[in-house]
Amino acid sequence: MLSYQKGPASDPFYYIFSSPGWLVDYDPPRDFPFWLNVEPTNVCQLDCVFCSRQLSKRPLGYLDLTLACQIAHEAASHEGAAIRFTGWGEPLLHPQIGELVTLVKERGVKLKIYTNGLLLTSELMDTFIEAGLDDLQFSLQGLTPYQYEWNRKGASYKLLERNILMAREMRGAKSKPFLSILTSTLANELEDGDPEEFTEKWLKVVDKVAIDLTNLNFVKDTAKAAPFLELQSKGLTRGKCVDVFLALEVKYDGSIQFCGQDSEGKAIHTIGKFGDLSLREAWQSPKMEAQRELVGRNLFHEKSPVCINCYHNTDKYDLLKKAVTSNKRALSEASMQDG
């Protein structure tokens, strides 16, 4: 479920989402990816129920400024290519996150940050505005304060809410950064949370609100996920992956991967090291093409350790809408009975 305050064209990345090759007619792949998903760090202050980071033994680290410059330089040489600061950590924990944003924007590259928002300060927000950050996306979980704090251990809903309101106030009438919210929900959370109410509340503050179903398959062996797994996976069907035609992953140490779902950076998912090969070379490499053939054109997900748990490009949005309708019907019937 996706909602805009002022319509899809207000999104700074509408030029990507409306381009030929985005989700439709994407094969053969472009000369260079739409997105470079760049990991500033894999350090995070939270312990989230749904996150594969809890299973990772990968060494902790931070993206070097020189490496970031080189990535941004190559992105700038391909018209329309954009960068997203994301990955297996909280980007705002990078001690030089302001400098990272500035150097990317100085090279004229569109930039989006995914953040849990808890570490946002007025000083950082001022830097983001001054640098021209294009999109600041806040990641939530659930549809209510209780659901949010249950899913995101160590998080404070009040602090997050205060920081989002601060970001909106500081941006004021400016167009940047575009402010967005993404949350995902467990099926059982729809009993107490209403996606439409959530959307209505936050669209008064931010420019875009997206709601998804939480994928627990990557953490299916954890005790925290086990009670919800059966219901959460019900009805999901596997589809051909489109991400292998759209984006490339770059970890904080320069490792290039074809999928961002691998929290450990396994060799089987790694194409090479940036510097040993360019991003364009990685994008057009035999290993990247083999992965497209495996899960982008076929459904051989079981042959890839990370893809076997993925249900990408499924009818989960329709399932969410059905769940919302069922929830409203149940509440209406209960209300009539109480009456």
# chains A, B, ... in the order shown; residues from 1 in each chain; ligands from 1

call {"tool": "residues_around", "arguments": {"residues": "Asp134 of chain A", "least_positions_apart": "6", "cutoff": "7 Å", "atoms": "only C-alpha atoms", "output": "PDB file with N, CA and C atoms, in the first residue's frame"}}
result
ATOM      1  N   PRO A  12      10.899  12.546  -5.616  1.00  0.00           N
ATOM      2  CA  PRO A  12      12.114  12.916  -6.357  1.00  0.00           C
ATOM      3  C   PRO A  12      12.650  11.793  -7.228  1.00  0.00           C
ATOM      4  N   LYS A 110      21.592  11.796  -7.220  1.00  0.00           N
ATOM      5  CA  LYS A 110      20.389  11.723  -6.379  1.00  0.00           C
ATOM      6  C   LYS A 110      20.648  10.765  -5.220  1.00  0.00           C
ATOM      7  N   LEU A 111      20.182  11.136  -4.022  1.00  0.00           N
ATOM      8  CA  LEU A 111      20.500  10.355  -2.822  1.00  0.00           C
ATOM      9  C   LEU A 111      19.293  10.220  -1.902  1.00  0.00           C
ATOM     10  N   LYS A 112      19.119   8.984  -1.422  1.00  0.00           N
ATOM     11  CA  LYS A 112      18.080   8.674  -0.440  1.00  0.00           C
ATOM     12  C   LYS A 112      18.720   7.989   0.758  1.00  0.00           C
ATOM     13  N   LYS A 176      13.138  19.768  -0.377  1.00  0.00           N
ATOM     14  CA  LYS A 176      14.083  18.718   0.005  1.00  0.00           C
ATOM     15  C   LYS A 176      14.463  18.851   1.475  1.00  0.00           C
ATOM     16  N   PRO A 177      14.682  17.701   2.124  1.00  0.00           N
ATOM     17  CA  PRO A 177      14.465  16.362   1.574  1.00  0.00           C
ATOM     18  C   PRO A 177      12.986  15.970   1.576  1.00  0.00           C
ATOM     19  N   PHE A 178      12.602  15.219   0.568  1.00  0.00           N
ATOM     20  CA  PHE A 178      11.305  14.548   0.548  1.00  0.00           C
ATOM     21  C   PHE A 178      11.270  13.636   1.763  1.00  0.00           C
TER      22      PHE A 178
END

call {"tool": "residues_around", "arguments": {"residues": "segment 243-253 of chain A", "least_positions_apart": "2", "cutoff": "6 Å", "atoms": "only C-alpha atoms", "output": "VMD selection string"}}
result
chain A and resid 29 33 to 41 62 to 63 241 255 to 258 260 292

call {"tool": "closest_atom_pairs", "arguments": {"of": "segment 20-118 of chain A", "to": "segment 150-159 of chain A", "cutoff": "10 Å", "atoms": "only C-alpha atoms", "output": "Markdown table"}}
result
| residue | atom | partner | partner_atom | distance |
| --- | --- | --- | --- | --- |
| A:Gln45 | CA | A:Gly154 | CA | 7.6 |
| A:Leu46 | CA | A:Gly154 | CA | 5.4 |
| A:Asp47 | CA | A:Lys153 | CA | 5.0 |
| A:Cys48 | CA | A:Arg152 | CA | 4.4 |
| A:Val49 | CA | A:Asn151 | CA | 5.3 |
| A:Phe50 | CA | A:Asn151 | CA | 7.3 |
| A:Cys51 | CA | A:Arg152 | CA | 9.3 |
| A:Asn116 | CA | A:Ala155 | CA | 8.8 |
| A:Gly117 | CA | A:Leu159 | CA | 8.6 |
| A:Leu118 | CA | A:Leu159 | CA | 6.4 |

call {"tool": "write_last_selection", "arguments": {"atoms": "C-alpha atoms", "output": "PDB file, in the first residue's frame"}}
result
ATOM      1  CA  GLN A  45      21.657   0.223  18.014  1.00  0.00           C
ATOM      2  CA  LEU A  46      18.461  -1.849  17.781  1.00  0.00           C
ATOM      3  CA  ASP A  47      17.600  -5.540  18.023  1.00  0.00           C
ATOM      4  CA  CYS A  48      14.641  -6.067  15.707  1.00  0.00           C
ATOM      5  CA  VAL A  49      12.506  -9.204  15.585  1.00  0.00           C
ATOM      6  CA  PHE A  50      12.395  -9.343  11.784  1.00  0.00           C
ATOM      7  CA  CYS A  51      16.014  -8.408  10.988  1.00  0.00           C
ATOM      8  CA  ASN A 116      15.297   4.304  11.907  1.00  0.00           C
ATOM      9  CA  GLY A 117      15.237   8.023  12.704  1.00  0.00           C
ATOM     10  CA  LEU A 118      16.123   7.737  16.383  1.00  0.00           C
TER      11      LEU A 118
END

call {"tool": "atom_distance", "arguments": {"atom1": "atom CA of Gly21 of chain A", "atom2": "atom CA of Ala75 of chain A"}}
result
18.1 Å

call {"tool": "select_by_dssp", "arguments": {"residues": "segment 83-272 of chain A", "states": "alpha helix (DSSP H)", "output": "VMD selection string"}}
result
chain A and resid 97 to 106 122 to 131 145 to 151 157 to 171 195 to 202 226 to 233

call {"tool": "closest_residue", "arguments": {"among": "A:Phe128, A:Tyr146, A:Phe138, A:Phe13", "to": "Arg171 of chain A", "atoms": "only C-alpha atoms"}}
result
A:Phe128

call {"tool": "select_by_dssp", "arguments": {"residues": "segment 123-254 of chain A", "states": "strand (DSSP E)", "output": "list in words"}}
result
Asp135, Leu136, Gln137, Phe138, Ser139, Arg152, Lys153, Phe178, Leu179, Ser180, Ile181, Leu182, Thr183, Ser184, Thr185, Lys208, Val209, Ala210, Ile211, Asp212, Leu213, Ala247, Leu248, Glu249 and Val250 of chain A

call {"tool": "closest_residue", "arguments": {"among": "A:Ser263, A:Asn309, A:Ser184, A:Ser122", "to": "Leu2 of chain A", "atoms": "only C-alpha atoms"}}
result
A:Ser184

call {"tool": "closest_residue", "arguments": {"among": "A:Ala76, A:Ile308, A:Cys44, A:Ala173", "to": "Gly61 of chain A", "atoms": "only C-alpha atoms"}}
result
A:Cys44

call {"tool": "closest_residue", "arguments": {"among": "A:Ala68, A:Ile268, A:Leu60, A:Val109", "to": "Ala82 of chain A", "atoms": "only C-alpha atoms"}}
result
A:Val109

call {"tool": "closest_residue", "arguments": {"among": "A:Glu79, A:Ala226, A:Glu130, A:Arg58", "to": "Tyr15 of chain A", "atoms": "only C-alpha atoms"}}
result
A:Glu79

call {"tool": "closest_residue", "arguments": {"among": "A:Val306, A:Glu106, A:Ser285, A:Tyr311", "to": "Leu213 of chain A", "atoms": "only C-alpha atoms"}}
result
A:Tyr311

call {"tool": "residues_around", "arguments": {"residues": "Gly142 of chain A", "least_positions_apart": "3", "cutoff": "8 Å", "atoms": "only C-alpha atoms", "output": "list of chain:residue names"}}
result
A:Pro145, A:Gln147, A:Tyr148, A:Asn151, A:Thr183, A:Ser184, A:Thr185, A:Leu186, A:Glu189, A:Gly193

call {"tool": "write_last_selection", "arguments": {"atoms": "all heavy atoms", "output": "PDB file, in the first residue's frame"}}
result
ATOM      1  N   PRO A 145       2.038   2.377  18.372  1.00  0.00           N
ATOM      2  CA  PRO A 145       3.256   2.543  19.184  1.00  0.00           C
ATOM      3  C   PRO A 145       3.695   1.244  19.860  1.00  0.00           C
ATOM      4  O   PRO A 145       4.895   0.936  19.904  1.00  0.00           O
ATOM      5  CB  PRO A 145       2.848   3.597  20.218  1.00  0.00           C
ATOM      6  CG  PRO A 145       1.808   4.408  19.513  1.00  0.00           C
ATOM      7  CD  PRO A 145       1.041   3.422  18.680  1.00  0.00           C
ATOM      8  N   GLN A 147       3.108  -1.904  18.866  1.00  0.00           N
ATOM      9  CA  GLN A 147       3.637  -2.818  17.853  1.00  0.00           C
ATOM     10  C   GLN A 147       5.032  -2.390  17.413  1.00  0.00           C
ATOM     11  O   GLN A 147       5.919  -3.227  17.226  1.00  0.00           O
ATOM     12  CB  GLN A 147       2.692  -2.863  16.651  1.00  0.00           C
ATOM     13  CG  GLN A 147       1.365  -3.543  16.946  1.00  0.00           C
ATOM     14  CD  GLN A 147       0.388  -3.435  15.784  1.00  0.00           C
ATOM     15  OE1 GLN A 147       0.702  -2.871  14.731  1.00  0.00           O
ATOM     16  NE2 GLN A 147      -0.817  -3.966  15.968  1.00  0.00           N
ATOM     17  N   TYR A 148       5.223  -1.097  17.266  1.00  0.00           N
ATOM     18  CA  TYR A 148       6.528  -0.572  16.862  1.00  0.00           C
ATOM     19  C   TYR A 148       7.608  -0.958  17.872  1.00  0.00           C
ATOM     20  O   TYR A 148       8.662  -1.487  17.519  1.00  0.00           O
ATOM     21  CB  TYR A 148       6.438   0.944  16.721  1.00  0.00           C
ATOM     22  CG  TYR A 148       7.780   1.636  16.605  1.00  0.00           C
ATOM     23  CD1 TYR A 148       8.473   1.652  15.398  1.00  0.00           C
ATOM     24  CD2 TYR A 148       8.357   2.272  17.705  1.00  0.00           C
ATOM     25  CE1 TYR A 148       9.708   2.285  15.292  1.00  0.00           C
ATOM     26  CE2 TYR A 148       9.580   2.897  17.612  1.00  0.00           C
ATOM     27  CZ  TYR A 148      10.258   2.901  16.403  1.00  0.00           C
ATOM     28  OH  TYR A 148      11.487   3.515  16.310  1.00  0.00           O
ATOM     29  N   ASN A 151       8.396  -4.793  18.011  1.00  0.00           N
ATOM     30  CA  ASN A 151       9.185  -5.265  16.877  1.00  0.00           C
ATOM     31  C   ASN A 151      10.614  -4.744  16.912  1.00  0.00           C
ATOM     32  O   ASN A 151      11.545  -5.447  16.535  1.00  0.00           O
ATOM     33  CB  ASN A 151       8.537  -4.824  15.557  1.00  0.00           C
ATOM     34  CG  ASN A 151       7.403  -5.726  15.130  1.00  0.00           C
ATOM     35  OD1 ASN A 151       7.622  -6.808  14.614  1.00  0.00           O
ATOM     36  ND2 ASN A 151       6.174  -5.274  15.343  1.00  0.00           N
ATOM     37  N   THR A 183       6.548   1.315   6.773  1.00  0.00           N
ATOM     38  CA  THR A 183       6.360   0.361   7.859  1.00  0.00           C
ATOM     39  C   THR A 183       5.935  -0.968   7.264  1.00  0.00           C
ATOM     40  O   THR A 183       5.452  -1.040   6.132  1.00  0.00           O
ATOM     41  CB  THR A 183       5.313   0.853   8.876  1.00  0.00           C
ATOM     42  OG1 THR A 183       5.385   0.045  10.064  1.00  0.00           O
ATOM     43  CG2 THR A 183       3.892   0.777   8.319  1.00  0.00           C
ATOM     44  N   SER A 184       6.155  -2.028   8.004  1.00  0.00           N
ATOM     45  CA  SER A 184       5.622  -3.327   7.601  1.00  0.00           C
ATOM     46  C   SER A 184       4.922  -3.938   8.806  1.00  0.00           C
ATOM     47  O   SER A 184       5.219  -3.588   9.952  1.00  0.00           O
ATOM     48  CB  SER A 184       6.725  -4.246   7.065  1.00  0.00           C
ATOM     49  OG  SER A 184       7.574  -4.687   8.090  1.00  0.00           O
ATOM     50  N   THR A 185       4.018  -4.847   8.541  1.00  0.00           N
ATOM     51  CA  THR A 185       3.182  -5.358   9.616  1.00  0.00           C
ATOM     52  C   THR A 185       3.091  -6.873   9.590  1.00  0.00           C
ATOM     53  O   THR A 185       3.112  -7.497   8.523  1.00  0.00           O
ATOM     54  CB  THR A 185       1.771  -4.743   9.523  1.00  0.00           C
ATOM     55  OG1 THR A 185       0.930  -5.302  10.529  1.00  0.00           O
ATOM     56  CG2 THR A 185       1.144  -4.980   8.166  1.00  0.00           C
ATOM     57  N   LEU A 186       2.998  -7.460  10.761  1.00  0.00           N
ATOM     58  CA  LEU A 186       2.677  -8.871  10.883  1.00  0.00           C
ATOM     59  C   LEU A 186       1.171  -9.034  10.677  1.00  0.00           C
ATOM     60  O   LEU A 186       0.394  -8.120  10.970  1.00  0.00           O
ATOM     61  CB  LEU A 186       3.076  -9.388  12.261  1.00  0.00           C
ATOM     62  CG  LEU A 186       4.565  -9.332  12.607  1.00  0.00           C
ATOM     63  CD1 LEU A 186       4.786  -9.683  14.080  1.00  0.00           C
ATOM     64  CD2 LEU A 186       5.365 -10.257  11.719  1.00  0.00           C
ATOM     65  N   GLU A 189      -1.022  -8.296  13.569  1.00  0.00           N
ATOM     66  CA  GLU A 189      -1.066  -6.900  14.016  1.00  0.00           C
ATOM     67  C   GLU A 189      -2.206  -6.131  13.373  1.00  0.00           C
ATOM     68  O   GLU A 189      -2.574  -5.046  13.846  1.00  0.00           O
ATOM     69  CB  GLU A 189       0.275  -6.227  13.708  1.00  0.00           C
ATOM     70  CG  GLU A 189       1.400  -6.739  14.586  1.00  0.00           C
ATOM     71  CD  GLU A 189       2.766  -6.190  14.211  1.00  0.00           C
ATOM     72  OE1 GLU A 189       2.971  -5.815  13.038  1.00  0.00           O
ATOM     73  OE2 GLU A 189       3.638  -6.154  15.096  1.00  0.00           O
ATOM     74  N   GLY A 193      -4.298  -2.822  14.591  1.00  0.00           N
ATOM     75  CA  GLY A 193      -3.839  -1.657  13.852  1.00  0.00           C
ATOM     76  C   GLY A 193      -4.567  -1.514  12.534  1.00  0.00           C
ATOM     77  O   GLY A 193      -4.888  -2.502  11.870  1.00  0.00           O
TER      78      GLY A 193
END

call {"tool": "residues_around", "arguments": {"residues": "Lys105 of chain A", "least_positions_apart": "2", "cutoff": "9 Å", "atoms": "only C-alpha atoms", "output": "PDB file with C-alpha atoms, in the first residue's frame"}}
result
ATOM      1  CA  ALA A  72      29.609   8.583  -6.240  1.00  0.00           C
ATOM      2  CA  LEU A 100      28.964  11.331   3.094  1.00  0.00           C
ATOM      3  CA  VAL A 101      25.727  13.057   2.111  1.00  0.00           C
ATOM      4  CA  THR A 102      27.550  16.226   1.097  1.00  0.00           C
ATOM      5  CA  LEU A 103      30.117  14.498  -1.099  1.00  0.00           C
ATOM      6  CA  ARG A 107      28.765  15.156  -7.501  1.00  0.00           C
ATOM      7  CA  GLY A 108      25.178  15.712  -8.597  1.00  0.00           C
ATOM      8  CA  VAL A 109      23.919  12.233  -7.684  1.00  0.00           C
ATOM      9  CA  LYS A 110      20.389  11.723  -6.379  1.00  0.00           C
ATOM     10  CA  LEU A 111      20.500  10.355  -2.822  1.00  0.00           C
ATOM     11  CA  ALA A 131      23.506  19.490   1.095  1.00  0.00           C
ATOM     12  CA  GLY A 132      20.289  18.921  -0.846  1.00  0.00           C
ATOM     13  CA  LEU A 133      19.507  15.377   0.314  1.00  0.00           C
ATOM     14  CA  ASP A 134      16.704  14.171  -1.926  1.00  0.00           C
TER      15      ASP A 134
END

call {"tool": "atom_distance", "arguments": {"atom1": "atom CA of Phe17 of chain A", "atom2": "atom CA of Tyr4 of chain A"}}
result
13.8 Å

call {"tool": "atom_distance", "arguments": {"atom1": "atom CA of Arg30 of chain A", "atom2": "atom CA of Ala81 of chain A"}}
result
10.8 Å
